[in-house]
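**Student:** Mind having a look at this structure? Questions to follow.
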Amino acid sequence: MTRTSILVDELHRAFDGDPWHGSSITHLLADVSVAQAMATPPAGIHSIAAIVAHMTSWVAEVTRRLSGHDAADPIEGDWPLPRATDQAGWLAMHLALANAMAHLTEAVAAFPEARWDDLVGDARNPALGTGVSHAQTVSGVVQHLAYHGGQIAILKKLVG
């Protein structure tokens, strides 16, 4: 297997496949209503919809980086406001995340195998995700999906 095929497989498993750690993002979101998605738990905890908007913005940012753009905060913002006010808006957020994942998967599949170890940015900046290789960046977005997937699983229990 090539590094590219491994990274594509990891993205698929985390988003809509059968990951080792538990449920994929698609599975976790499948039965979330707009009311559950927009419910804001106490103490400033992000809603499920906010987490989906956040994941979408970072998936898009990683795609931009793989396409040759300099590392930056996501164009949409780190925590963009969720657009869901009704079921149609919530479904649109699902679609936006699925489209962002499809674009990322295409970018990973087309990325030159010989460049996976090239660095994103020069200096290590954990908040911006620079100073790591392109492969580590893609692995990081997989880990990001798993991390927020765990939050979504807990929030689903909290908001019923």
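As shown in the structure tokens, the chain order sets the letters A, B, ...; within each chain, residues go from 1, and ligands are also counted from 1 in the order they appear.
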Would you mind listing what lies within 9 Å of Ala72 (chain A) as number ranges by chain, with only C-alpha atoms counted and same-chain residues fewer than 4 positions away left out?

**Tutor:** A: 61, 65, 128-130

**Student:** What parts of chain A does DSSP call strand (DSSP E or B)? I'd like the answer as a list in words.

**Tutor:**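 Secondary structure check on chain A, strand (DSSP E or B): Leu119, Val120, Gly121, Asp122, Ala123, Arg124, Asn125, Thr130, Gly131, Val132 and Ser133 of chain A.
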
**Student:** Store the residues picked out above in a file with N, CA and C atoms, as an mmCIF file, in the first residue's frame.

**Tutor:**
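Listed below is the output, result-v3.cif:
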```cif
data_model
loop_
_atom_site.group_PDB
_atom_site.id
_atom_site.type_symbol
_atom_site.label_atom_id
_atom_site.label_comp_id
_atom_site.auth_asym_id
_atom_site.auth_seq_id
_atom_site.Cartn_x
_atom_site.Cartn_y
_atom_site.Cartn_z
ATOM 1 N N LEU A 119 7.150 19.758 4.581
ATOM 2 C CA LEU A 119 6.500 20.450 5.695
ATOM 3 C C LEU A 119 5.444 21.442 5.237
ATOM 4 N N VAL A 120 4.412 21.572 6.048
ATOM 5 C CA VAL A 120 3.399 22.618 5.888
ATOM 6 C C VAL A 120 3.884 23.776 6.749
ATOM 7 N N GLY A 121 4.290 24.863 6.124
ATOM 8 C CA GLY A 121 4.863 25.981 6.872
ATOM 9 C C GLY A 121 6.247 25.618 7.378
ATOM 10 N N ASP A 122 6.971 26.594 7.845
ATOM 11 C CA ASP A 122 8.335 26.343 8.303
ATOM 12 C C ASP A 122 8.408 26.072 9.798
ATOM 13 N N ALA A 123 7.795 26.921 10.578
ATOM 14 C CA ALA A 123 7.918 26.830 12.029
ATOM 15 C C ALA A 123 6.751 26.042 12.616
ATOM 16 N N ARG A 124 7.017 25.334 13.690
ATOM 17 C CA ARG A 124 5.972 24.582 14.378
ATOM 18 C C ARG A 124 5.064 25.547 15.123
ATOM 19 N N ASN A 125 3.797 25.500 14.777
ATOM 20 C CA ASN A 125 2.771 26.295 15.435
ATOM 21 C C ASN A 125 1.583 25.361 15.652
ATOM 22 N N THR A 130 1.144 24.023 11.740
ATOM 23 C CA THR A 130 2.267 24.135 10.811
ATOM 24 C C THR A 130 3.512 23.489 11.403
ATOM 25 N N GLY A 131 4.531 23.330 10.554
ATOM 26 C CA GLY A 131 5.776 22.715 10.993
ATOM 27 C C GLY A 131 5.678 21.204 11.076
ATOM 28 N N VAL A 132 4.668 20.634 10.451
ATOM 29 C CA VAL A 132 4.505 19.185 10.366
ATOM 30 C C VAL A 132 4.386 18.827 8.882
ATOM 31 N N SER A 133 4.561 17.563 8.573
ATOM 32 C CA SER A 133 4.502 17.145 7.172
ATOM 33 C C SER A 133 3.059 17.156 6.652
#
```

**Student:** Write out as a VMD selection string each polymer residue whose atoms come within 9 Å of Pro74 (chain A), counting only C-alpha atoms; drop sequence neighbours fewer than 4 positions from it.

**Tutor:** chain A and resid 57 to 62 78

**Student:** Applying 10 Å and only C-alpha atoms, which residues near Ser5 (chain A) remain after dropping the ones on its own chain fewer than 4 positions away? List them as a count of residues only.

**Tutor:** 7

**Student:** Applying 8 Å and only C-alpha atoms, which residues near Ala135 (chain A) remain after dropping the ones on its own chain fewer than 6 positions away? List them as a PyMOL selection string.

**Tutor:** chain A and resi 7+116-117

**Student:** How far is it from CA of Lys156 (chain A) to CA of Ala53 (chain A), in Å with one decimal?

**Tutor:**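 Rounded to one decimal, the two atoms are 16.4 Å apart.
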
**Student:** Mind pulling up the distance from CA of Leu155 (chain A) to CA of His103 (chain A)?

**Tutor:** 27.5 Å

**Student:** I'd like the neighbourhood of Val52 (chain A) as a ChimeraX atom specification, where a residue qualifies if any of its atoms comes within 12 Å (using only C-alpha atoms), though same-chain residues fewer than 6 positions away should be ignored.

**Tutor:** /A:15,25-26,28-29,32,37-38,46,58-59,78-84,90-98,100-101,144-145,148-149,151-152

**Student:** Which value, in Å to one decimal, gives the distance between CA of Gly68 (chain A) and CA of Leu104 (chain A)?

**Tutor:**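 Between CA of Gly68 (chain A) and CA of Leu104 (chain A) the gap is 13.0 Å.
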
**Student:** Return the single residue from A:Thr4, A:Asn99, A:Gln136, A:Thr56 that is closest to Phe111 (chain A), with distances computed using only C-alpha atoms.

**Tutor:**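 Smallest separation from Phe111 (chain A) among the options: A:Thr4.
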
**Student:** Go through region 89-134 of chain A and collect every residue that DSSP, computed from the backbone, puts in alpha helix (DSSP H); the answer should be as a list in words.

**Tutor:**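 In region 89-134 of chain A, DSSP puts these residues in alpha helix (DSSP H): Gly89, Trp90, Leu91, Ala92, Met93, His94, Leu95, Ala96, Leu97, Ala98, Asn99, Ala100, Met101, Ala102, His103, Leu104, Thr105, Glu106, Ala107, Val108, Ala109, Ala110 and His134 of chain A.
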
**Student:** With only C-alpha atoms as the atoms that count, which of A:Ser139, A:Pro126, A:Arg3, A:Asp18 lies nearest to Asp73 (chain A)?

**Tutor:**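 Ranking A:Ser139, A:Pro126, A:Arg3, A:Asp18 by distance to Asp73 (chain A), first place goes to A:Pro126.
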
**Student:** When you count only C-alpha atoms, which of these residues is closest to Ile51 (chain A): A:Ala153, A:Leu158, A:Ala107, A:Ala14?

**Tutor:**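 So, comparing all the options, the nearest one is A:Ala153.
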
**Student:** Pick the closest to Pro112 (chain A) from A:Gln143, A:Ser23, A:Ser67, A:Thr137: which is it, counting only C-alpha atoms?

**Tutor:**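 Going through A:Gln143, A:Ser23, A:Ser67, A:Thr137 one by one, the smallest distance to Pro112 (chain A) is for A:Ser67.
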
**Student:** Which is closer to Gly77 (chain A) than all the others in A:Val8, A:Val34, A:Met55, A:Ile48, using only C-alpha atoms?

**Tutor:**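 Selected residue with least distance to Gly77 (chain A): A:Met55.
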